[in-house]
Amino acid sequence: QDARVVLPSSALAKPPEAPFATPITIQMTKNGEPILGGQPFADRKALIPNLKNEKFVMESQNKSATNATIIIRAHKSCKTGDVQDLIKVCQEVGFEKFTLRANEDVGY
């Protein structure tokens with residue numbers, strides 16, 4: 001978690017039923033700046049070497065990038081297009097599974 005990222009609230013948000021086998025968490029600030037492993041990046045394309053490294057590590061452990069889940073924690077003011085661009089960058093590297101995080105709005 002990063003203090004620069006305030007998640008949106010959603011009545012549809014539910015915690016996952018089970019932990020993800022191979023999670024990779026990417027956070028996005030309200031300006032669309034990605035954060036991976038606590039390190040901010042100037043833009044989404046700058047993540048590519050780090051994502052390729054994550055993929056290499058998984059493959060060296062006989063795991064496939066297609067089985068990893070990219071967890072996106074985008075600030076509530078982050079533009080939807082920025083999140084979509086992030087997903088495209090991850091797909092270029094070979095990742096296929098994505099989940100978005102939000103705070104559960106219980107309605108009280």
# chains A, B, ... in the order shown; residues from 1 in each chain; ligands from 1

call {"tool": "residues_around", "arguments": {"residues": "Phe98 (chain A)", "least_positions_apart": "4", "cutoff": "12 Å", "atoms": "only C-alpha atoms", "output": "PyMOL selection string"}}
result
chain A and resi 20+22-26+65-73+83-84+86-88+90-91+94

call {"tool": "select_by_dssp", "arguments": {"residues": "region 22-98 of chain A", "states": "helix (DSSP H, G or I)", "output": "ChimeraX atom specification"}}
result
/A:44-60,65-67,80-93

call {"tool": "write_last_selection", "arguments": {"atoms": "N, CA and C atoms", "output": "compact mmCIF listing (two decimals), in the first residue's frame"}}
result
# COMPACT_ATOMS: atom_id res chain seq x y z
N ARG A 44 3.97 4.57 -17.80
CA ARG A 44 3.68 3.13 -17.83
C ARG A 44 4.71 2.35 -18.64
N LYS A 45 5.20 2.91 -19.74
CA LYS A 45 6.19 2.21 -20.57
C LYS A 45 7.49 1.95 -19.80
N ALA A 46 7.80 2.82 -18.83
CA ALA A 46 9.01 2.64 -18.03
C ALA A 46 8.95 1.39 -17.15
N LEU A 47 7.75 0.83 -16.99
CA LEU A 47 7.59 -0.40 -16.20
C LEU A 47 8.07 -1.64 -16.95
N ILE A 48 8.15 -1.56 -18.28
CA ILE A 48 8.41 -2.75 -19.09
C ILE A 48 9.65 -3.54 -18.63
N PRO A 49 10.81 -2.92 -18.40
CA PRO A 49 11.96 -3.73 -17.95
C PRO A 49 11.69 -4.45 -16.63
N ASN A 50 10.99 -3.81 -15.71
CA ASN A 50 10.69 -4.45 -14.43
C ASN A 50 9.67 -5.57 -14.59
N LEU A 51 8.69 -5.38 -15.46
CA LEU A 51 7.71 -6.43 -15.72
C LEU A 51 8.38 -7.63 -16.40
N LYS A 52 9.30 -7.34 -17.33
CA LYS A 52 10.04 -8.43 -17.98
C LYS A 52 10.87 -9.19 -16.96
N ASN A 53 11.42 -8.48 -15.99
CA ASN A 53 12.19 -9.12 -14.93
C ASN A 53 11.29 -10.02 -14.08
N GLU A 54 10.09 -9.52 -13.73
CA GLU A 54 9.13 -10.34 -12.97
C GLU A 54 8.81 -11.61 -13.75
N LYS A 55 8.61 -11.47 -15.06
CA LYS A 55 8.29 -12.62 -15.91
C LYS A 55 9.46 -13.60 -15.94
N PHE A 56 10.69 -13.09 -16.06
CA PHE A 56 11.88 -13.93 -16.07
C PHE A 56 12.00 -14.72 -14.77
N VAL A 57 11.78 -14.06 -13.65
CA VAL A 57 11.87 -14.73 -12.34
C VAL A 57 10.83 -15.85 -12.26
N MET A 58 9.61 -15.57 -12.71
CA MET A 58 8.57 -16.61 -12.69
C MET A 58 8.96 -17.79 -13.57
N GLU A 59 9.45 -17.49 -14.76
CA GLU A 59 9.83 -18.57 -15.68
C GLU A 59 10.99 -19.38 -15.13
N SER A 60 11.90 -18.74 -14.39
CA SER A 60 13.01 -19.48 -13.78
C SER A 60 12.53 -20.39 -12.66
N ALA A 65 3.90 -16.49 -16.88
CA ALA A 65 3.36 -15.15 -16.67
C ALA A 65 1.85 -15.14 -16.89
N THR A 66 1.36 -16.05 -17.70
CA THR A 66 -0.09 -16.10 -17.95
C THR A 66 -0.86 -16.53 -16.71
N ASN A 67 -0.19 -17.14 -15.74
CA ASN A 67 -0.85 -17.54 -14.50
C ASN A 67 -0.76 -16.48 -13.40
N THR A 80 -9.59 6.47 -16.08
CA THR A 80 -9.81 5.11 -16.55
C THR A 80 -8.87 4.77 -17.70
N GLY A 81 -8.63 5.72 -18.59
CA GLY A 81 -7.73 5.50 -19.71
C GLY A 81 -6.32 5.17 -19.27
N ASP A 82 -5.87 5.76 -18.15
CA ASP A 82 -4.54 5.45 -17.63
C ASP A 82 -4.47 4.00 -17.16
N VAL A 83 -5.54 3.53 -16.53
CA VAL A 83 -5.58 2.13 -16.08
C VAL A 83 -5.60 1.20 -17.30
N GLN A 84 -6.36 1.56 -18.31
CA GLN A 84 -6.42 0.75 -19.53
C GLN A 84 -5.04 0.69 -20.21
N ASP A 85 -4.34 1.82 -20.24
CA ASP A 85 -2.99 1.84 -20.82
C ASP A 85 -2.04 0.95 -20.03
N LEU A 86 -2.17 0.95 -18.71
CA LEU A 86 -1.33 0.09 -17.87
C LEU A 86 -1.59 -1.38 -18.20
N ILE A 87 -2.84 -1.74 -18.36
CA ILE A 87 -3.19 -3.12 -18.70
C ILE A 87 -2.57 -3.50 -20.04
N LYS A 88 -2.62 -2.61 -21.02
CA LYS A 88 -2.04 -2.87 -22.34
C LYS A 88 -0.54 -3.12 -22.24
N VAL A 89 0.16 -2.31 -21.43
CA VAL A 89 1.60 -2.48 -21.25
C VAL A 89 1.89 -3.86 -20.65
N CYS A 90 1.12 -4.25 -19.66
CA CYS A 90 1.30 -5.56 -19.02
C CYS A 90 1.03 -6.69 -20.02
N GLN A 91 0.04 -6.51 -20.86
CA GLN A 91 -0.28 -7.52 -21.87
C GLN A 91 0.85 -7.65 -22.89
N GLU A 92 1.48 -6.54 -23.23
CA GLU A 92 2.62 -6.57 -24.17
C GLU A 92 3.74 -7.46 -23.65
N VAL A 93 3.90 -7.51 -22.34
CA VAL A 93 4.96 -8.31 -21.72
C VAL A 93 4.54 -9.78 -21.60

call {"tool": "closest_residue", "arguments": {"among": "A:Thr29, A:Ala21, A:Gly37, A:Lys76", "to": "Ser64 (chain A)", "atoms": "only C-alpha atoms"}}
result
A:Ala21
